[in-house]
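Working notes, beginning with the structure itself.
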Amino acid sequence: MLTRRMFLKGGGVAFFALGVAGNPSFLTRTAEAATGTGASASRKRKVLVTIFQRGAMDGLAAVPPIDDSLKPLRPRLALSAAQGQGATEPGLLDLQTGFGLHPGFAPLLPLWQDRRLAIVHAVGSPDPTRSHFDAQDFMETGTPGRKGTPNGWLNRAVGLLGHDNSPFRAVALTTSLPRSLYGDEPALAVTNLADFRVELPGADRTAAAAGQGFEALYHQTSQGLLRDTGSETFRAVHMLSAAEIQRYQPAAGADYPQTPLGNALRQISILIKSDVGLEVAFAESGGWDTHVQQAGTFNRQAHDLAQAIQAFWTDLGPFQDQVLLTTMTEFGRTVRENGSGGTDHGHGSCLFVLGNQVDGGKVHGNFPGLSTAALYEGRDLPVTTDFRAVFCELAGKHLGIKDDARLFPGWTGRRLPLLKT
Amino acid sequence: MKTVLTALTTVALALCVWGGVMAADEKPSTLHLPWKEAGLTERQAAAHLLNRFAFGPRPGEVDAVVKTGLDRWFERQLGGDLPDGKVEEDLHSLPALHMATAEIVRTYPPTGLVLRQAREAGVLPQDVAPKDLKGDDKKELRQKVLAWAQEQGYHPEKELAGQLMVQKLTRAVESENQLGEVMTDFWFNHFNISLTNGRARPYLLPYERDAIRPYALARFRDLLEATAKSPAMLIYLDNAQSAAPEGATTTMQDEMRRRPVRMGARGGFGGRGGFGGLGKARPQAQAAGKKSPKGLNENYARELMELHTLGVDGGYTQQDVIEVARAFTGWTVLPAGKAREQAENRLAKVQMAGGLGFRSQGEFLFRADQHDAGEKTILGTRFPAGRGIEDGEAVLDLLSAHRATARHIASQLAVRFVSDHPSQGLVDRLTDVYLKTGGDSRRLLIAIAESPEFWSKDAVGAKVKSPFELAASALRATGSRLDDPKATLQWIARMGQPLYAYQAPTGYPDRAEAWVNTGSLLNRMNFGLQLAAGRVKGVDLDLPALDGGHEPESREAALKTYSALLMPGRDLTATLKLLTPMVTDPNLAKKVDKASPKDAGRSAAAGGDADEEVLAGGSEMSATSVKSVKVRGRLGDEPREPVDRRPPTPLEQVVGVILGSPEFQRR
């Protein structure tokens with residue numbers, strides 16, 4: 001039985017015929033892998049899926065203390081658990097840990113109850129910047145305060161893993177490569193896997209012929225890099241049949257929202273199931289910069305994120321053990337609401353971690369409370385957990401990266417225990 | 001009127017060319033370009049020159065360069081002042097190119113600012129979030145806000161980014177001063193600033209226009225100072241917010257001690273808020289934060305040494321970073337918007353009080369009240385106490401004359417123009433040239449062109465084109481007319497180089513591995529295919545015209561003829577051998593000929609949508625995504641015909657294959 005990985009190593013042109021005709025579709029292999037038969041099952045790579053919430057998610061709207069201590073600070077915005085009873089607006093969901101969950105995140109509640117989902121609170125960057133650009137930059141390079149770092153932390157992670165050269169080791173479902181994936185390791189930015197082919201205007205069959213021609217052409221060129229990348233490219237094209245991608249039906253009735261994030265996670269799921277060597281995936285969710293009339297916007301954004309993650313997890317089914325998902329956002333928002341029914345740029349926020357090995361159903365980190373004395377500059381949730389303490393833990397325990405000092409140069413902190421050992 | 005002007009331009013052009021030839025005839029070139037010694041033919045050498053010091057040859061240009069003489073062509077390029085009527089005419093309709101910086105900032109405000117002002121003006125109700133404005137039910141309100149913005153003289157921010165990108169591509173394709181454009185591209189990337197930084201964004205067009213392009217062929221020291229004083233750089237690397245640490249003696253305090261100052265002025269500058277409002281995007285944040293940021297910000301100091309001058313192994317320490325940051329305290333930007341008038345009034349008062357060490361120059365402002373006037377030691381050199389703006393300028397002197405800088409710049413030029421891994425010998429020689437000439441770009445370029453390394457067989461065709469170079473060279477090679485660059489810009493982004501949007505101050509890496517990866521390679525092939533088939537909107541090309549309107553008698557003939565036309569001066573034996581079976585593949589031929597119009601239409605439509613999809617999303621950066629490039633009144637075009645949906649002709653297929661081939665990816 002030809003597995004995807006053997007195919008990958010087998011080299012280009014000779015396998016082309018198999019690629020279009022005799023090769024079983026990845027869905028067949030999916031079934032095979034799921035039942036644990038076949039040689040490929042044991043070689044499954046661990047995958048770290050990251051979602052960047054751009055614009056700075058309000059961690060206190062997402063996961064507020066359930067005791068209503070937020071209410072005096074946010075008279076218009078704060079929700080309470082009591083609202084649920086008989087009120088028209090849904091109220092906070094009780095996480096039974098002293099915290100509530102914004103009702104927009106309701107699709108995540110079962111995962112929390114299953115103890116696969118954890119929350120880290122008051123997390124963020126030690127750098128005080130309140131600029132989106134700088135803070136995103138610092139989080140993606142993993143070097144707060146240093147703008148010149150040439151590579152992103154996810155690219156370094158892939159480098160430290162040092163596995164063979166699958167073109168799909170690091171993939172961002174974005175229009176251009178995110179800062180997190182800048183660096184020496186090849187990384188792919190693609191918004192639609194179905195576009196991953198030679199497109200010749202005319203007919204599909206013509207394009208296939210042109211693709212075949214280009215394949216031979218690049219295979220024989222004298223320039224080493226163009227030749228190798230060419231072979232790799234066409235291997236990748238064969239691995240992902242556009243038709244199969246278009247026909248793809250999520251498993252177990254998983255219901256992805258028809259949004260950029262839903263689409264991105266759906267395609268990440270395809271890559272995982274195709275066993276093409278994915279190790280690090282990046283997706284993003286925009287629209288968290290809620291300065292004005294936050295309530296409606298936040299609810300929509302939260303629901304999109306939660307529904308997409310929930311669908312992704314359902315869709316993964318037996319592949320869940322391979323996968324760890326984390327969200328991140330550049331900073332949090334002011335503890336007090338502003339005059340426009342929104343919140344402004346703050347400091348600490350929270351993030352979600354999902355996986356079967358996660359020490360779930362808990363709010364990790366150190367939440368200092370909302371008394372003025374506890375706040376950063378009297379206005380923001382402070383950062384009590386450096387984001388690198390979380391990312392090191394995830395990359396370390398899930399992907400098996402041991403060298404924290406190379407993953408996050410200049411950082412000497414300790415990992416935050418989040419995964420069961 | 002226009003005709004007369006054009007006629008005049010033509011006459012002037014002819015005169016110049018004639019004059020140029022005359023002058024050259026009188027004074028033979030002193031350059032020695034050692035292509036013969038390297039075993040190249042003159043045509044091969046001319047093509048190599050055009051591939052490295054220009055964005056590739058245009059139809060017939062290799063022969064034209066041979067006729068002019070390679071050395072003379074290169075000298076004229078070094079002059080950087082060839083008449084450029086076509087480009088000027090094409091760029092005439094881009095208003096921002098002709099606006100002063102302050103006017104640009106005023107005309108293209110960020111969307112957030114417009115909405116805030118609309119709220120303040122009562123045009124937009126307080127309870128409507130920007131996101132809600134997108135809804136269909138809010139159409140009227142949206143129109144109202146837009147109309148209001150128009151009344152204020154505002155234009156969408158994305159038009160500004162659009163004009164910046166359009167001018168770059170237009171110049172690369174059409175300008176006669178190719179070397180100037182190549183060097184502008186090189187230096188911009190060396191001093192990279194990203195459109196993704198919202199605060200620096202409005203200053204990016206003037207940055208390239210005023211701080212980079214005029215110095216593209218100048219001395220490094222002058223370029224360095226132009227970037228150091230540009231608002232874009234001051235904002236991007238945070239120097240605009242860097243101030244003397246609490247307790248330090250400032251230049252203004254020194255000045256006031258030195259001479260008696262009237263109380264009025266003293267009162268006016270007692271606080272630090274006089275030029276405030278900088279780097280503070282939101283009034284709310286300001287209200288909440290109260291104070292403007294104080295103290296040193298080391299970002300610029302660090303990148304100045306690591307990226308702009310000495311290089312990462314340039315031998316500086318963290319203490320040097322701090323000392324350099326101190327030297328640049330007070331280097332900032334005149335505020336835009338409401339705070340500007342206030343700042344200008346204060347500056348006038350300062351002038352009346354004798355200056356107090358303050359300086360301003362365009363948008364650049366040296367705030368003596370924020371400059372740390374204490375003594376500093378930088379790279380072992382003592383900077384005495386009591387100086388003002390001279391501190392920073394002396395740092396620029398020190399750094400640009402440093403051997404490590406010479407080596408860093410030499411090495412980057414060698415990588416750009418010779419090969420990804422230039423020899424130590426070449427870098428050493430260029431380093432010496434830098435040191436002897438005070439970092440004169442022209443002399444460095446001459447040294448490259450006169451080096452045997454540049455002409456060696458290993459170097460010719462060894463560089464992989466960046467996506468921008470690929471697109472520009474493909475348009476030039478096919479003699480295409482660029483009517484509307486938007487679609488081409490989208491392709492460049494798809495191929496991995498969204499223009500002006502590399503987020504890190506390092507700039508795009510200049511080596512093949514950075515450009516050639518699985519995703520980008522497919523897009524390169526597809527770009528070639530689509531371009532040749534006339535499916536890149538806004539690009540008008542006439543392939544038969546390239547061969548004098550002759551219809552090739554067969555695919556093989558087309559391949560042979562057009563390979564030579566599109567990649568002149570190259571040894572194509574191997575490429576032809578590889579390409580022939582591909583274009584004669586019965587599959588390719590038959591399938592294309594049989595493709596039903598219905599099929600073709602659907603496929604082309606899908607391709608078009610994909611373009612849009614690929615560039616969608618990324619809301620935080622929407623102002624910079626190429627999808628939103630919008631240019632006002634571009635060349636007075638009539639509405640364009642929908643994209644051609646017919647299947648590609650055999651000639652278009654052949655040319656597409658050539659443009660997508662490995663050989664065309666190299667320069």
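Within each chain, counting starts at residue 1; across the structure tokens, chains are named A, B, ... in the order shown, with ligands numbered 1 upward in that order.
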Those of range 271-387 of chain A in DSSP strand (DSSP E), formatted as a ChimeraX atom specification | /A:280-285,323-329,349-354,363-365,385-386
Find the spatial neighbours of Asp127 in chain B, counting only C-alpha atoms, within a cut-off of 7 Å - ignore same-chain residues fewer than 2 positions away - and output them as a CSV table (one decimal) with N, CA and C atoms, in the first residue's frame.
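Saved to out-v4.csv:
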chain,number,residue,atom,x,y,z
A,293,GLN,N,-19.4,50.4,20.7
A,293,GLN,CA,-20.5,49.5,20.7
A,293,GLN,C,-20.0,48.0,20.6
A,340,SER,N,-18.1,55.2,24.3
A,340,SER,CA,-18.8,54.8,23.1
A,340,SER,C,-19.3,53.4,23.2
B,125,PRO,N,-24.0,58.6,14.3
B,125,PRO,CA,-24.4,58.4,15.7
B,125,PRO,C,-23.4,57.7,16.5
B,129,ALA,N,-21.2,51.1,15.4
B,129,ALA,CA,-19.8,50.6,15.3
B,129,ALA,C,-19.4,50.6,13.8
Give me, as a short mmCIF file (atom, residue, chain, number, x, y, z; two decimals) with N, CA and C atoms, in the first residue's frame, the residues of chain A touching chain B, with the criterion being at most 7 Å (counting only C-alpha atoms).
data_model
loop_
_atom_site.label_atom_id
_atom_site.label_comp_id
_atom_site.auth_asym_id
_atom_site.auth_seq_id
_atom_site.Cartn_x
_atom_site.Cartn_y
_atom_site.Cartn_z
N ARG A 54 -6.74 39.08 15.69
CA ARG A 54 -6.15 40.39 15.44
C ARG A 54 -7.08 41.51 15.91
N GLY A 55 -6.47 42.50 16.51
CA GLY A 55 -7.24 43.64 16.98
C GLY A 55 -7.33 43.71 18.49
N PHE A 133 0.22 47.06 15.88
CA PHE A 133 1.30 46.62 15.01
C PHE A 133 2.47 46.07 15.82
N LYS A 147 12.29 44.71 17.44
CA LYS A 147 11.58 44.74 16.16
C LYS A 147 12.35 44.06 15.04
N GLY A 148 13.65 43.94 15.19
CA GLY A 148 14.47 43.48 14.07
C GLY A 148 14.59 41.97 13.96
N PRO A 150 14.51 38.61 12.69
CA PRO A 150 14.17 38.30 11.29
C PRO A 150 13.10 37.21 11.15
N PRO A 167 6.43 20.05 1.75
CA PRO A 167 6.08 21.45 1.47
C PRO A 167 4.99 21.97 2.40
N THR A 175 -3.62 35.46 3.24
CA THR A 175 -3.22 35.94 1.91
C THR A 175 -1.72 36.12 1.79
N SER A 176 -1.10 36.60 2.85
CA SER A 176 0.36 36.68 2.78
C SER A 176 0.93 36.06 4.05
N ARG A 179 3.91 37.18 10.04
CA ARG A 179 5.22 37.39 10.68
C ARG A 179 5.65 36.15 11.46
N PRO A 186 10.90 26.82 4.81
CA PRO A 186 9.86 27.10 3.82
C PRO A 186 8.49 27.07 4.50
N LEU A 188 4.19 28.12 3.75
CA LEU A 188 3.26 28.32 2.66
C LEU A 188 2.10 29.19 3.14
N THR A 191 -4.85 30.73 0.65
CA THR A 191 -6.18 30.92 1.22
C THR A 191 -7.14 29.85 0.73
N ARG A 197 -2.69 24.60 -7.90
CA ARG A 197 -2.50 23.82 -9.11
C ARG A 197 -2.13 24.77 -10.24
N VAL A 198 -1.73 24.18 -11.34
CA VAL A 198 -1.45 24.99 -12.52
C VAL A 198 -2.77 25.37 -13.16
N GLU A 199 -2.96 26.65 -13.36
CA GLU A 199 -4.22 27.13 -13.94
C GLU A 199 -3.95 27.65 -15.33
N LEU A 200 -4.42 26.95 -16.29
CA LEU A 200 -4.32 27.47 -17.65
C LEU A 200 -5.73 27.81 -18.08
N PRO A 201 -5.92 29.06 -18.49
CA PRO A 201 -7.26 29.39 -18.94
C PRO A 201 -7.61 28.48 -20.12
N GLY A 202 -8.81 28.05 -20.18
CA GLY A 202 -9.18 27.10 -21.23
C GLY A 202 -9.93 25.98 -20.57
N ALA A 203 -9.31 24.85 -20.48
CA ALA A 203 -10.00 23.73 -19.88
C ALA A 203 -9.12 23.10 -18.81
N ARG A 205 -8.38 20.08 -18.43
CA ARG A 205 -7.46 19.07 -18.93
C ARG A 205 -6.21 19.72 -19.53
N THR A 206 -6.42 20.88 -20.12
CA THR A 206 -5.28 21.59 -20.66
C THR A 206 -4.33 21.98 -19.54
N ALA A 209 -2.32 19.18 -18.51
CA ALA A 209 -1.23 18.92 -19.44
C ALA A 209 -0.10 19.92 -19.24
N ALA A 210 -0.50 21.18 -19.05
CA ALA A 210 0.52 22.21 -18.84
C ALA A 210 1.28 21.91 -17.55
N GLY A 213 3.72 19.31 -18.14
CA GLY A 213 4.85 19.84 -18.89
C GLY A 213 5.80 20.61 -17.98
N LEU A 217 9.69 20.04 -16.99
CA LEU A 217 10.60 21.15 -17.24
C LEU A 217 11.42 21.49 -16.00
N TYR A 218 10.73 21.62 -14.89
CA TYR A 218 11.43 21.98 -13.65
C TYR A 218 12.26 20.80 -13.15
N THR A 221 15.66 21.08 -14.94
CA THR A 221 16.43 22.31 -15.03
C THR A 221 17.73 22.18 -14.25
N LEU A 226 15.57 25.66 -8.08
CA LEU A 226 14.34 25.63 -8.88
C LEU A 226 13.92 24.19 -9.16
N THR A 229 12.63 22.65 -5.69
CA THR A 229 11.35 23.23 -5.30
C THR A 229 10.27 22.86 -6.30
N GLU A 232 9.13 19.42 -5.51
CA GLU A 232 8.36 19.49 -4.28
C GLU A 232 6.96 20.09 -4.55
N THR A 233 6.96 21.11 -5.39
CA THR A 233 5.70 21.76 -5.70
C THR A 233 4.73 20.78 -6.36
N PRO A 260 -14.25 33.54 6.92
CA PRO A 260 -12.84 33.28 6.65
C PRO A 260 -12.23 32.30 7.64
N GLY A 286 -10.20 38.32 12.45
CA GLY A 286 -10.07 39.78 12.58
C GLY A 286 -11.26 40.39 13.29
N GLY A 287 -11.18 41.68 13.55
CA GLY A 287 -12.36 42.39 14.05
C GLY A 287 -12.51 42.45 15.55
N VAL A 292 -15.98 50.73 19.82
CA VAL A 292 -17.31 51.33 19.78
C VAL A 292 -18.37 50.24 19.80
N GLN A 293 -19.37 50.40 20.66
CA GLN A 293 -20.50 49.47 20.68
C GLN A 293 -20.04 48.02 20.61
N SER A 340 -18.12 55.24 24.33
CA SER A 340 -18.82 54.81 23.11
C SER A 340 -19.29 53.38 23.22
N ASP A 344 -10.91 50.31 25.18
CA ASP A 344 -9.72 50.75 24.46
C ASP A 344 -8.55 49.80 24.72
#
Determine, counting only C-alpha atoms, which protein, DNA and RNA residues have an atom within 9 Å of an atom of Phe358 in chain B; residues of the same chain fewer than 4 positions away are not included. Present the result as a PyMOL selection string.
-> chain B and resi 251-252+347+350-351+365-369+388-389
Report the residues of range 149-183 of chain A whose backbone DSSP state falls under alpha helix (DSSP H), written as an MDAnalysis selection string.
-> chainID A and resid 153:161
Can you pull out every residue within 8 Å of His48 in chain B, counting only C-alpha atoms, but drop anything in the same chain fewer than 6 positions away, and send it as number ranges by chain?
-> B: 460-461, 569, 667
Atoms kept (N, CA and C atoms) for selection, written as an mmCIF file, in the first residue's frame:
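Output below, filename part_9.cif:
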data_model
loop_
_atom_site.group_PDB
_atom_site.id
_atom_site.type_symbol
_atom_site.label_atom_id
_atom_site.label_comp_id
_atom_site.auth_asym_id
_atom_site.auth_seq_id
_atom_site.Cartn_x
_atom_site.Cartn_y
_atom_site.Cartn_z
ATOM 1 N N VAL B 460 26.226 34.744 -14.269
ATOM 2 C CA VAL B 460 25.214 35.093 -15.267
ATOM 3 C C VAL B 460 23.996 34.173 -15.127
ATOM 4 N N GLY B 461 22.856 34.763 -14.907
ATOM 5 C CA GLY B 461 21.623 33.977 -14.764
ATOM 6 C C GLY B 461 21.497 33.272 -13.429
ATOM 7 N N GLY B 569 20.060 36.958 -25.792
ATOM 8 C CA GLY B 569 21.428 36.876 -25.295
ATOM 9 C C GLY B 569 21.667 35.723 -24.346
ATOM 10 N N ARG B 667 17.757 35.729 -13.558
ATOM 11 C CA ARG B 667 18.246 36.933 -14.220
ATOM 12 C C ARG B 667 19.765 36.984 -14.173
#
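As for CA of Arg116 in chain A and CA of Thr314 in chain A, they are spaced 12.6 Å apart.
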Contacts of range 240-256 of chain A at 6 Å (only C-alpha atoms; same-chain gap of 2+ positions) as a list in words |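 The residues that qualify are Ala194, Val237, His238, Gly262, Ala308, Ala311, Thr314 and Asp315 of chain A.
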Length of the CA of Val323 in chain A to CA of Asp228 in chain A vector [Å] | 29.5 Å
Nearest to His402 in chain B, chosen from B:Ile378, B:Lys338, B:Leu310, B:Lys436, with only C-alpha atoms counted in the distances |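 Checking each candidate against His402 in chain B, we get B:Leu310 as the closest.
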Minimum-distance residue to Gln44 in chain B, chosen among B:Met567, B:Met305, B:Ile658, B:Val427 (using only C-alpha atoms) =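 Smallest separation from Gln44 in chain B among the options: B:Met567.
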Can you list, as number ranges by chain, every protein, DNA or RNA residue that comes within 8 Å of Tyr154 in chain B when you count only C-alpha atoms, leaving out same-chain residues fewer than 6 positions away?
-> B: 106-109
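Computed from the coordinates, the CA of Ala302 in chain A to CA of Leu375 in chain A distance equals 24.7 Å.
If only C-alpha atoms are the atoms counted, then among A:Arg76, A:Arg415, A:Lys44, A:Lys397 the closest residue to Thr343 in chain A is A:Arg76.
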